[in-house]
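Engineer: I am attaching a structure below and will ask some questions about it afterwards.
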Amino acid sequence: MKIFQVFAAVIVALQFHAVMSAEDKCAKTNQYKCPSTTCNSTIWVKDCLDCDGFLSTDAKTETCFDRKILNGKDNPSSDYLWRDILGLVLWFCAAGIATACGVGGGGIYVPVGILLLNFMPKPSSGLSQASIFGASLGGLLLNIRNKHPYTTKYEYRSTERGGNVMESCEMDAPPDTDNVRYFSRPLIDFDMALFLAPMEMAGAVMG
């Protein structure tokens with residue numbers, strides 16, 4: 001229990017640091033160098049997402065560049081190589097913890113993307129959403145055929161009342177018998193998913 005509390009405290013601290021860093025960057029009128037492929041002069045942009053072909057940002061040199069994953073030569077610094085390796089390990093662990101706990105994991109992905117992988121807040125948010133989709137799809141494929149382990153619905157044919165009365169209830173029941181028939185339900189409540197999914201997607205679009 002203490003491990004999870006320490007882990008939660010670290011995540012909150014990372015989120016706070018990431019938000020403060022993002023606010024500082026937004027407060028300044030930063031200009032980033034965008035290498036031009038059509039002319040010899042340097043183009044200045046406020047966001048490297050506006051720099052065609054050079055969408056990543058190096059905050060130290062304030063330069064837009066074409067990010068190469070797991071490459072220590074073509075990036076502005078060789079630090080990007082070990083950052084990518086460490087980021088892959090943390091991303092893997094974060095996905096496992098988030099899926100096991102039944103949460104999305106965006107609170108872990110975004111700070112890791114900003115502080116460790118050196119992505120700007122907007123690309124980190126998009127990468128986080130893509131990772132959450134992949135983890136959710138994996139969890140769906142693993143659980144879609146599983147049955148609920150407890151409180152299975154069943155019908156009990158009473159022998160004391162002529163054997164024609166059917167009673168339904170939910171309980172942690174014993175194995176099948178001659179008088180008990182079980183109807184196992186899926187692990188995923190699809191009715192609730194259909195009820196919540198439209199409003200969730202609408203809220204995501206508005207956000």
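Residue numbers start at 1 in each chain; chains themselves are named A, B, ... in the order of the structure tokens; ligands are numbered from 1 in the order shown.
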Taking 6 positions as the minimum chain separation for residues in the same chain, which residues sit within 8 Å of Gly106 of chain A when counting only C-alpha atoms? Answer as a list in words.
Structural biologist: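 These residues fall inside the cut-off: Ser125, Ser128, Gln129 and Ile132 of chain A.
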Engineer: So what do you get for atom CA of Ser136 of chain A versus atom CA of Arg83 of chain A, distance-wise?
Structural biologist: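 About the pair atom CA of Ser136 of chain A and atom CA of Arg83 of chain A: they are 25.4 Å apart.
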Engineer: One decimal, in Å: what's the spacing between atom CA of Ala135 of chain A and atom CA of Met120 of chain A?
Structural biologist: 22.3 Å
Engineer: Just asking: which residues within segment 15-131 of chain A are strand (DSSP E or B) according to DSSP, as a ChimeraX atom specification?
Structural biologist: /A:32-34,43-45,56-58,63-65
Engineer: Within 12 Å of Asn71 of chain A, counting only C-alpha atoms, which residues qualify if same-chain residues fewer than 4 places away don't, as a ChimeraX atom specification?
Structural biologist: /A:66-67,75-85
Engineer: Could you pull out the alpha helix (DSSP H) residues of segment 38-165 of chain A from DSSP and send them as a compact mmCIF listing (two decimals) with N, CA, C and O atoms, in the first residue's frame?
Structural biologist:
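The result, stored in out_11.txt:
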```txt
# COMPACT_ATOMS: atom_id res chain seq x y z
N ASP A 79 21.76 12.60 -25.91
CA ASP A 79 20.92 12.27 -24.76
C ASP A 79 19.58 11.70 -25.18
O ASP A 79 18.93 10.99 -24.39
N TYR A 80 19.15 11.98 -26.39
CA TYR A 80 17.85 11.50 -26.84
C TYR A 80 17.82 9.98 -26.92
O TYR A 80 16.75 9.37 -26.77
N LEU A 81 18.96 9.35 -27.15
CA LEU A 81 18.99 7.90 -27.26
C LEU A 81 18.64 7.24 -25.93
O LEU A 81 17.74 6.40 -25.88
N TRP A 82 19.34 7.60 -24.86
CA TRP A 82 19.04 6.95 -23.58
C TRP A 82 17.71 7.42 -23.02
O TRP A 82 17.05 6.68 -22.28
N ARG A 83 17.28 8.63 -23.37
CA ARG A 83 15.95 9.06 -22.96
C ARG A 83 14.86 8.21 -23.61
O ARG A 83 13.86 7.87 -22.98
N ASP A 84 15.08 7.86 -24.89
CA ASP A 84 14.11 7.01 -25.59
C ASP A 84 14.07 5.61 -24.98
O ASP A 84 13.00 5.02 -24.81
N ILE A 85 15.24 5.07 -24.65
CA ILE A 85 15.30 3.73 -24.07
C ILE A 85 14.60 3.71 -22.71
O ILE A 85 13.77 2.84 -22.42
N LEU A 86 14.94 4.69 -21.85
CA LEU A 86 14.30 4.76 -20.54
C LEU A 86 12.81 5.05 -20.66
O LEU A 86 11.99 4.51 -19.90
N GLY A 87 12.45 5.86 -21.65
CA GLY A 87 11.04 6.17 -21.86
C GLY A 87 10.24 4.94 -22.28
O GLY A 87 9.10 4.76 -21.86
N LEU A 88 10.84 4.07 -23.12
CA LEU A 88 10.15 2.84 -23.52
C LEU A 88 9.88 1.95 -22.31
O LEU A 88 8.79 1.37 -22.18
N VAL A 89 10.87 1.85 -21.41
CA VAL A 89 10.69 1.02 -20.22
C VAL A 89 9.59 1.58 -19.32
O VAL A 89 8.70 0.85 -18.87
N LEU A 90 9.64 2.89 -19.07
CA LEU A 90 8.61 3.51 -18.23
C LEU A 90 7.24 3.45 -18.88
O LEU A 90 6.23 3.27 -18.20
N TRP A 91 7.20 3.61 -20.20
CA TRP A 91 5.92 3.54 -20.92
C TRP A 91 5.31 2.15 -20.78
O TRP A 91 4.10 2.01 -20.57
N PHE A 92 6.15 1.12 -20.89
CA PHE A 92 5.68 -0.26 -20.73
C PHE A 92 5.14 -0.49 -19.32
O PHE A 92 4.04 -1.06 -19.14
N CYS A 93 5.87 -0.04 -18.30
CA CYS A 93 5.43 -0.22 -16.91
C CYS A 93 4.16 0.57 -16.64
O CYS A 93 3.25 0.09 -15.97
N ALA A 94 4.09 1.80 -17.17
CA ALA A 94 2.90 2.63 -16.96
C ALA A 94 1.67 2.01 -17.59
O ALA A 94 0.58 2.02 -17.01
N ALA A 95 1.84 1.43 -18.79
CA ALA A 95 0.70 0.78 -19.45
C ALA A 95 0.22 -0.42 -18.65
O ALA A 95 -0.99 -0.64 -18.50
N GLY A 96 1.15 -1.21 -18.11
CA GLY A 96 0.75 -2.37 -17.31
C GLY A 96 0.02 -1.96 -16.04
O GLY A 96 -1.01 -2.54 -15.69
N ILE A 97 0.55 -0.95 -15.34
CA ILE A 97 -0.09 -0.49 -14.10
C ILE A 97 -1.46 0.11 -14.39
O ILE A 97 -2.44 -0.15 -13.68
N ALA A 98 -1.54 0.95 -15.43
CA ALA A 98 -2.81 1.60 -15.76
C ALA A 98 -3.88 0.58 -16.14
O ALA A 98 -5.03 0.68 -15.71
N THR A 99 -3.51 -0.41 -16.95
CA THR A 99 -4.48 -1.42 -17.36
C THR A 99 -4.91 -2.28 -16.19
O THR A 99 -6.09 -2.63 -16.05
N ALA A 100 -3.97 -2.64 -15.31
CA ALA A 100 -4.31 -3.46 -14.15
C ALA A 100 -5.22 -2.71 -13.19
O ALA A 100 -6.09 -3.32 -12.55
N CYS A 101 -5.04 -1.40 -13.08
CA CYS A 101 -5.87 -0.60 -12.17
C CYS A 101 -7.17 -0.14 -12.81
O CYS A 101 -8.03 0.41 -12.12
N GLY A 106 -3.23 8.53 -18.58
CA GLY A 106 -2.80 9.82 -19.13
C GLY A 106 -2.01 10.66 -18.15
O GLY A 106 -1.12 11.42 -18.55
N GLY A 107 -2.31 10.51 -16.86
CA GLY A 107 -1.57 11.24 -15.85
C GLY A 107 -0.12 10.80 -15.72
O GLY A 107 0.69 11.49 -15.10
N ILE A 108 0.21 9.64 -16.30
CA ILE A 108 1.59 9.15 -16.29
C ILE A 108 2.25 9.45 -17.63
O ILE A 108 3.40 9.90 -17.69
N TYR A 109 1.53 9.21 -18.74
CA TYR A 109 2.11 9.36 -20.06
C TYR A 109 2.53 10.80 -20.36
O TYR A 109 3.62 11.04 -20.90
N VAL A 110 1.67 11.76 -20.03
CA VAL A 110 1.96 13.15 -20.39
C VAL A 110 3.21 13.68 -19.68
O VAL A 110 4.10 14.24 -20.33
N PRO A 111 3.33 13.53 -18.34
CA PRO A 111 4.59 13.99 -17.70
C PRO A 111 5.83 13.28 -18.21
O PRO A 111 6.88 13.90 -18.38
N PRO A 121 4.04 19.93 -24.73
CA PRO A 121 2.79 19.46 -24.14
C PRO A 121 1.76 18.94 -25.15
O PRO A 121 1.12 17.92 -24.91
N LYS A 122 1.65 19.61 -26.30
CA LYS A 122 0.63 19.18 -27.27
C LYS A 122 0.95 17.82 -27.89
O LYS A 122 0.09 16.92 -27.91
N PRO A 123 2.17 17.58 -28.38
CA PRO A 123 2.49 16.23 -28.88
C PRO A 123 2.44 15.17 -27.78
O PRO A 123 2.06 14.02 -28.05
N SER A 124 2.81 15.53 -26.56
CA SER A 124 2.74 14.57 -25.46
C SER A 124 1.31 14.15 -25.18
O SER A 124 1.02 12.98 -24.90
N SER A 125 0.39 15.11 -25.27
CA SER A 125 -1.02 14.79 -25.06
C SER A 125 -1.55 13.86 -26.15
O SER A 125 -2.27 12.89 -25.87
N GLY A 126 -1.18 14.13 -27.40
CA GLY A 126 -1.61 13.26 -28.49
C GLY A 126 -1.02 11.87 -28.39
O GLY A 126 -1.71 10.87 -28.63
N LEU A 127 0.25 11.78 -28.00
CA LEU A 127 0.89 10.48 -27.82
C LEU A 127 0.25 9.72 -26.67
O LEU A 127 0.08 8.49 -26.73
N SER A 128 -0.14 10.44 -25.62
CA SER A 128 -0.82 9.81 -24.49
C SER A 128 -2.16 9.22 -24.91
O SER A 128 -2.51 8.10 -24.53
N GLN A 129 -2.93 9.97 -25.70
CA GLN A 129 -4.23 9.47 -26.15
C GLN A 129 -4.08 8.24 -27.04
O GLN A 129 -4.87 7.29 -26.95
N ALA A 130 -3.07 8.25 -27.90
CA ALA A 130 -2.83 7.07 -28.74
C ALA A 130 -2.44 5.86 -27.89
O ALA A 130 -2.86 4.73 -28.16
N SER A 131 -1.64 6.10 -26.84
CA SER A 131 -1.24 4.99 -25.97
C SER A 131 -2.43 4.45 -25.18
O SER A 131 -2.56 3.24 -24.99
N ILE A 132 -3.31 5.34 -24.72
CA ILE A 132 -4.49 4.91 -23.99
C ILE A 132 -5.40 4.07 -24.89
O ILE A 132 -5.96 3.06 -24.47
N PHE A 133 -5.52 4.48 -26.15
CA PHE A 133 -6.34 3.70 -27.10
C PHE A 133 -5.76 2.31 -27.29
O PHE A 133 -6.49 1.31 -27.28
N GLY A 134 -4.44 2.22 -27.45
CA GLY A 134 -3.82 0.92 -27.63
C GLY A 134 -3.97 0.03 -26.41
O GLY A 134 -4.28 -1.17 -26.53
N ALA A 135 -3.79 0.61 -25.21
CA ALA A 135 -3.94 -0.18 -23.98
C ALA A 135 -5.39 -0.62 -23.80
O ALA A 135 -5.65 -1.75 -23.38
N SER A 136 -6.33 0.27 -24.12
CA SER A 136 -7.75 -0.09 -24.00
C SER A 136 -8.13 -1.19 -24.98
O SER A 136 -8.88 -2.11 -24.63
N LEU A 137 -7.61 -1.10 -26.19
CA LEU A 137 -7.90 -2.14 -27.19
C LEU A 137 -7.32 -3.48 -26.75
O LEU A 137 -7.97 -4.53 -26.89
N GLY A 138 -6.10 -3.47 -26.20
CA GLY A 138 -5.52 -4.70 -25.71
C GLY A 138 -6.31 -5.30 -24.57
O GLY A 138 -6.54 -6.52 -24.51
N GLY A 139 -6.76 -4.45 -23.63
CA GLY A 139 -7.58 -4.95 -22.53
C GLY A 139 -8.91 -5.50 -23.01
O GLY A 139 -9.40 -6.51 -22.47
N LEU A 140 -9.50 -4.87 -24.03
CA LEU A 140 -10.76 -5.38 -24.58
C LEU A 140 -10.57 -6.75 -25.21
O LEU A 140 -11.38 -7.67 -25.00
N LEU A 141 -9.50 -6.92 -25.98
CA LEU A 141 -9.26 -8.21 -26.64
C LEU A 141 -9.00 -9.31 -25.62
O LEU A 141 -9.36 -10.47 -25.83
N LEU A 142 -8.38 -8.97 -24.49
CA LEU A 142 -8.09 -9.96 -23.46
C LEU A 142 -9.34 -10.36 -22.67
O LEU A 142 -9.47 -11.51 -22.23
N ASN A 143 -10.25 -9.41 -22.49
CA ASN A 143 -11.38 -9.65 -21.59
C ASN A 143 -12.71 -9.89 -22.29
O ASN A 143 -13.70 -10.20 -21.63
```
Engineer: In Å, with one decimal, what is the gap from atom CA of Ala202 of chain A to atom CA of Phe190 of chain A?
Structural biologist: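 Distance between the two atoms: 18.6 Å.
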